[in-house]
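In what follows, a single structure is set out as structure tokens and then discussed.
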Amino acid sequence: MHKYILRRVLLLIPIILGVSLLVFVMTDSAEGNVLQLIGDDYTPQQMAELMHEYGYDRSVLYRYGNYMKGLVRGNLGKSFIYKRPVLELYLQRLPATLKLAGASILVAIVLSIPLGIKAARSHGTLIDNGSMVLALLGLSMPNYWLGLMLAVLFSQKLHWFPSGGNLAGWKSLVLPAITLGTGLMATMTRTTRSSMLDVIRQDYLRTARAKGVPEKVVIRKHGLRNALIPIITIIGTELGKALGGAVVTENVFSYPGVGRLIIEAVNQRDTITVTGCLIMTAVLVAVIQLFVDILYAVVDPRLRAQYTTGRRKRGKKQQITTQGAVV
Amino acid sequence: MTKTVGASIDTGTFTKKKSQWVEVWGRFKKNKGAMIGLFVLIILIGIALTEGLWIPEEKVSTIVVADRLQHPSRAHWFGTDEMGRDIFWRTLYATRFSLTIGFVAVVVSAVIGIPIGAVAGYVGGKVESIVMRLTDIFSAIPTILMAIAIVSLLGRTTFNLMLAVGISSVPLFIRVTRASVLTVKNEEYIEAVKALGKSDLYIVFRHVLPNCLSPIIVQVTLRIASAIISSSSLSFLGLGIKPPTPEWGALLTAGKEYIMGYSYMCLYPGLAIMITVLAFNLVGDGLRDSLDPKLKH
Amino acid sequence: MNGTKQQNDIVLSIKDLTVHYEVDGEVVEAVNNLSLDLREGKVLGLVGETGAGKTTTALSILNLIPFPPGKIKSGEILLNGKNILAMNIAELERVRGKDVAMIFQDPMTSLNPVLTVVDQVMESILIHETSSKVEARERAIQMLETVGIAAERADEYPHQFSGGMKQRVVIAIALACNSRLLLADEPTTALDVTIQAQVLDLMLKLKEQFNTSMIFITHDLGVVAQVCDEVAVMYAGRIVERGTLEDVFNHTKHPYTEGLFNSLPSIEDRTARLRPIPGLMPDPTQLPLGCTFAPRCSYATEACINTRQTEIGFSESHFALCSRYAEKNFVIDRKEID
């Protein structure tokens with residue numbers, strides 16, 4: 001098991017390298033050069049110095065090399081516009097985005113799992129088809145449009161929640177979380193439903209009933225436990241999407257997170273910040289994916305066995321602990 | 001799904017028999033949601049293709065400052081915007097623009113992604129590993145961010161927008177194609193064609209790919225839906241199509257400024273996007289269910 | 001247990017059971033007016049082709065017929081004197097696994113993949129008996145050992161076992177609470193022959209050790225000969241012949257039973273052609289009023305096709321559903337063996 005984890009962590013390194021190269025080359029070439037934009041404020045000599053400082057008198061690879069050297073040490077460069085280290089800017093904004101992503105996933109889970117289960121159990125009925133269309137609707141709405149409409153309704157007309165910023169504590173999170181969560185909810189409901197549908201048909205549910213296991217326990221312990229496995233993987237992917245979708249949502253609600261930072265930076269041609277934020281986001285997504293994969297292996301004994309090959313011999317005492325006993 | 005293999009005599013192509021498509025259509029018809037979606041799509045595409053003929057130019061771009069910012073009324077069903085233009089007609093006119101963007105973006109994704117995925121899946125080995133690693137790297141960056149990066153890189157034109165949205169969806173096409181190819185390549189008729197001595201390239205494009213069509217078609221439909229949303233999101237963020245072009249995302253961007261008090265400016269174009277995307281999603285889902293009924297039940 | 005002195009001996013009594021499945025507007029008559037009795041300590045072999053209604057009968061005993069689309073139309077199933085079909089869900093949950101247990105056909109899919117085997121055996125014990133977790137676990141491990149699974153493997157997961165071992169786990173689960181009645185639905189069909197022998201051996205051992213009554217569902221007459229005391233032959237939802245092993249094997253009466261024996265390849269005469277029963281089972285949505293086997297029966301007459309069949313008795317234990325036996329001298333070709 002540990003070998004599997006180690007392998008996955010090591011795999012992160014090429015990903016980080018690859019992503020940083022990709023992002024760097026893209027944003028670097030985009031330069032149009034902010035330095036030229038602000039060029040009017042500086043004398044030619046100061047410009048030349050600045051260009052040298054940022055390495056623009058050398059090749060892309062040189063800049064990349066420098067950048068990576070810095071990256072490894074945790075230095076992502078200094079923003080042109082804000083005049084502060086990129087890493088610092090990023091870390092300052094990260095908690096807000098994490099809160100938003102977390103809150104939206106929570107909203108999505110709370111709404112989608114019961115709905116998906118209900119839809120599966122009422123397979124083929126109006127409730128089932130209705131929930132699926134509803135889920136699809138959530139997926140079909142442009143994120144920002146929903147945000148705007150919610151803002152108009154709940155903020156402007158009803159004054160229940162603030163329409164922007166992060167100043168009202170948990171209240172500021174509500175509208176953005178619902179906006180972002182709705183899109184996530186769609187996929188999660190559908191996955192929950194199809195997973196449950198799959199599990200409901202399984203023979204081992206019948207075996208459990210034949211044992212006299214109470215129906216509630218059959219659904220929960222035998223059904224859900226199996227159905228949840230694919231859902232956990234989805235949560236990982238959705239979290240990644242949440243971090244992406246946050247960009248737009250944060251914009252609509254003027255929510256001071258990483259997404260907002262990226263857009264501001266892009267609009268002001270602050271490429272160094274864009275690069276740094278993109279790389280950090282990609283790394284974050286990859287790390288989350290890693291956690292989810294490991295969690296998946298922990299929860300599904302069939303996968304666990306695959307990843308512990310070599311330690312398994314018939315007859316030898318097992319070192320894998322049992323799941324908690326019968327609940 | 002058991003594929004009946006029917007070989008036609010002269011071309012020697014192994015594809016699904018005609019009757020299977022009829023079956024698929026039969027199943028599709030039963031799906032009410034999908035049929036509604038299809039109906040809506042046909043209308044939308046019809047509008048997009050013919051609008052030059054029946055939407056009067058003036059309605060769309062004439063600026064009548066005196067009429068500006070009027071709420072929906074009998075004269076202006078969706079109200080007017082800040083320049084006095086009728087939002088109803090502009091929204092309608094934007095259909096072509098927005099649909100085109102969606103289509104082109106997906107064409108870009110497909111043209112790049114499908115061959116790569118097919119080759120990777122078919123050839124396997126080192127090539128496949130490298131391609132998949134690269135795909136993983138590419139998809140570590142959330143799609144929207146990738147599109148943003150590409151647009152910043154290339155410059156903010158409409159074409160670049162389509163390119164950006166398209167490229168950011170390439171990993172998905174690579175994955176889906178590769179997965180299908182992996183399933184198909186082990187089937188016996190492929191061995192048969194190989195035994196005939198045909199070149200690998202020929203086999204991939206002539207025999208393997210045509211049999212992978214089902215999941216690819218589904219993806220294409222679903223991707224058009226998401227491309228429309230992505231491109232409008234980018235416009236909304238100021239990175240895409242700018243007003244006064246009649247495109248749903250641009251209409252929303254313009255409307256954003258007046259959201260407090262004139263929310264109708266955003267409401268209707270947004271609804272247009274939602275209905276269009278919903279239609280594509282319904283059809284895509286319906287296709288998925290009818291092409292492989294096992295999955296549903 | 002309730003019941004008079006006479007009924008104490010009879011563990012299971014099915015009276016006039018009729019089960020229908022409603023699918024796509026059509027009604028499948030899976031089981032029709034089925035009756036049988038089973039005494040304590042006896043093993044009844046329920047024989048028939050696929051689709052004859054054997055599994056449906058077994059599931060009815062547990063009242064586990066999936067509600068849409070299945071429906072128990074009429075009948076009584078008395079288990080130790082109480083009518084299963086009249087019980088509410090709480091009573092049913094008490095009875096299932098405790099008074100009657102079932103071994104299902106396909107071991108590959110009958111076990112929950114995310115629970116260890118000992119957990120799954122323990123579950124029964126914990127539900128029906130008041131024991132602590134520790135005691136339950138001990139008993140579960142004992143039960144696993146009885147079926148031939150080493151104690152060290154108790155904490156393993158189903159996917160770590162082979163098909164034969166999985167089936168043993170299923171048996172262990174069924175036996176966990178020492179039920180009086182065991183329903184075994186083709187427990188050896190999915191296994192290869194050597195494993196089959198081991199499992200059958202095991203079941204015989206259990207019968208001796210615990211005096212368990214069993215209904216053994218199979219389509220394999222060889223297995224019936226090894227394990228069963230009594231036999232009931234099913235065709236299209238009805239029992240067409242029943243009796244002791246001796247009765248049915250050596251004094252076969254019903255043409256269908258004869259057909260089953262005839263279709264067994266003969267080890268003595270290797271070159272003889274196989275003699276399958278011609279035709280197919282009738283469409284269960286359109287069962288005729290008369291004998292359901294008549295279209296395929298070489299002894300059928302007009303009367304057979306039109307008359308409702310009633311059971312004819314040949315001895316205290318032996319009955320067959322064939323109206324031709326009402327005639328004085330009717331015999332089938334299969335010779336009687338004494």
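Residue numbering restarts at 1 in every chain; chains get A, B, ... in the order shown in the structure tokens, and ligands count up from 1 in that same order.
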
**Asked** So which residues touch range 202-206 of chain B within 8 Å, counting only C-alpha atoms, skipping near sequence neighbours fewer than 6 positions away, as a ChimeraX atom specification?
**Response** /B:13,118-119,122,190,193-194

**Request:** Looking only at strand (DSSP E) from DSSP on the backbone, list the matching residues of range 146-296 of chain C as a ChimeraX atom specification.
**Result:** /C:181-185,213-218,230-235,238-244

**Asked** Please, which residues of chain B lie no more than 9 Å from chain A when the count uses only C-alpha atoms, and can they be set out as a ChimeraX atom specification?
**Response** /B:33,133-134,136-146,148-150,152-155,225-226,229-230,232-234,236-239,252,256,259-261,263,266-267,270-271,273-282,295-297

**Request:** Tell me which protein, DNA and RNA residues are within 8 Å of Cys304 in chain C, counting only C-alpha atoms, leaving out same-chain ones fewer than 5 positions away, and put them as a list of chain:residue names.
**Result:**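 Once the nearby chain positions are removed, what remains is C:Gly290, C:Cys291, C:Ala294, C:Gln309, C:Ser323, C:Arg324.
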
**Message:** as a list in words, please: the residues near Gly97 in chain C (cut-off 7 Å, only C-alpha atoms, same-chain neighbours under 3 positions excluded).
**Reply:**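 Contacts, with the query itself left out: Ala210, Lys211 and Gly212 of chain A; Val100, Ala101, Ser124, Ala174 and Cys177 of chain C.
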
**Request:** Counting only C-alpha atoms, collect the residues of chain C whose closest atom lies at most 9 Å from chain A, and write them out as a PyMOL selection string.
**Result:** chain C and resi 59+62+64+89-90+92-98+100-104+106+109-116+119-120+122-124+126-128+133+150+152-153+155-160+170+173-174

**Asked** Gln92 in chain A: which residues within 10 Å, counting only C-alpha atoms, same-chain residues fewer than 4 positions away excluded, as a ChimeraX atom specification?
**Response** /A:86-88,96,256-258

**Request:** Have a look at CA of Thr245 in chain B and CA of Phe88 in chain B and let me know their distance in Å, one decimal.
**Result:**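 Atom-to-atom, CA of Thr245 in chain B to CA of Phe88 in chain B, that is 14.4 Å.
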
**Asked** Given the choices C:Gly45, C:Gly222, C:Gly259, C:Gly243, which gets closest to Arg334 in chain C if the distance is worked out from only C-alpha atoms?
**Response**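 Between C:Gly45, C:Gly222, C:Gly259, C:Gly243, the residue approaching Arg334 in chain C most closely is C:Gly259.
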
**Selection near Ala101 in chain A, 8 Å with only C-alpha atoms, sequence-local residues under 2 positions removed, as a list in words** =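 Residues meeting the cut-off are Thr97, Leu98, Lys99, Ala103, Ser104, Ile105, Ala177, Leu180, Leu239, Ala242, Leu243 and Ala246 of chain A.
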
**Prompt:** When DSSP works through the backbone of this structure, what residues of range 196-334 of chain C end up as alpha helix (DSSP H), shown as a PyMOL selection string?
**Reply:** chain C and resi 196-210+221-227+245-250+255-262+302-306

Restricting it to C-alpha atoms, dump the selection as an mmCIF file, in the first residue's frame.
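The file below, part-v8.cif, is the result:
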```cif
data_model
loop_
_atom_site.group_PDB
_atom_site.id
_atom_site.type_symbol
_atom_site.label_atom_id
_atom_site.label_comp_id
_atom_site.auth_asym_id
_atom_site.auth_seq_id
_atom_site.Cartn_x
_atom_site.Cartn_y
_atom_site.Cartn_z
ATOM 1 C CA GLN C 196 -18.965 -30.208 -6.609
ATOM 2 C CA ALA C 197 -18.186 -33.495 -4.946
ATOM 3 C CA GLN C 198 -16.666 -31.739 -1.945
ATOM 4 C CA VAL C 199 -19.623 -29.445 -1.525
ATOM 5 C CA LEU C 200 -22.117 -32.283 -1.766
ATOM 6 C CA ASP C 201 -20.130 -34.196 0.778
ATOM 7 C CA LEU C 202 -20.292 -31.202 3.046
ATOM 8 C CA MET C 203 -24.030 -30.977 2.716
ATOM 9 C CA LEU C 204 -24.488 -34.615 3.565
ATOM 10 C CA LYS C 205 -22.296 -34.174 6.587
ATOM 11 C CA LEU C 206 -24.472 -31.287 7.708
ATOM 12 C CA LYS C 207 -27.623 -33.243 7.230
ATOM 13 C CA GLU C 208 -26.282 -35.924 9.502
ATOM 14 C CA GLN C 209 -24.819 -33.592 12.046
ATOM 15 C CA PHE C 210 -27.649 -31.150 12.429
ATOM 16 C CA LEU C 221 -30.386 -36.127 -11.629
ATOM 17 C CA GLY C 222 -27.026 -37.536 -10.626
ATOM 18 C CA VAL C 223 -26.760 -35.080 -7.767
ATOM 19 C CA VAL C 224 -30.301 -35.894 -6.717
ATOM 20 C CA ALA C 225 -29.388 -39.549 -6.463
ATOM 21 C CA GLN C 226 -26.475 -38.752 -4.199
ATOM 22 C CA VAL C 227 -28.073 -36.396 -1.766
ATOM 23 C CA LEU C 245 -36.029 -41.286 -4.347
ATOM 24 C CA GLU C 246 -36.837 -44.921 -4.865
ATOM 25 C CA ASP C 247 -40.308 -44.104 -6.132
ATOM 26 C CA VAL C 248 -39.268 -41.619 -8.731
ATOM 27 C CA PHE C 249 -36.077 -43.226 -9.939
ATOM 28 C CA ASN C 250 -37.103 -46.873 -9.964
ATOM 29 C CA PRO C 255 -43.718 -39.163 -19.078
ATOM 30 C CA TYR C 256 -41.721 -35.986 -18.443
ATOM 31 C CA THR C 257 -39.655 -37.664 -15.737
ATOM 32 C CA GLU C 258 -39.131 -40.515 -18.113
ATOM 33 C CA GLY C 259 -37.958 -38.052 -20.705
ATOM 34 C CA LEU C 260 -35.448 -36.599 -18.235
ATOM 35 C CA PHE C 261 -33.973 -39.987 -17.532
ATOM 36 C CA ASN C 262 -33.894 -40.812 -21.196
ATOM 37 C CA GLU C 302 -57.036 -35.446 -26.929
ATOM 38 C CA ALA C 303 -58.197 -35.717 -23.383
ATOM 39 C CA CYS C 304 -54.780 -34.770 -22.047
ATOM 40 C CA ILE C 305 -54.795 -31.507 -23.924
ATOM 41 C CA ASN C 306 -58.228 -30.454 -22.763
#
```

**Message:** Can you tell me which residues surround Ile127 in chain A at a distance of at most 12 Å, considering only C-alpha atoms, apart from same-chain residues fewer than 4 positions away, and format the answer as a list in words?
**Reply:**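 Skipping anything fewer than 4 positions along the chain leaves Leu115, Gly116, Ile117, Lys118, Ala119, Ala120, Arg121, Ser122, His123, Ser131, Met132, Val133, Leu134, Ala135 and Arg193 of chain A.
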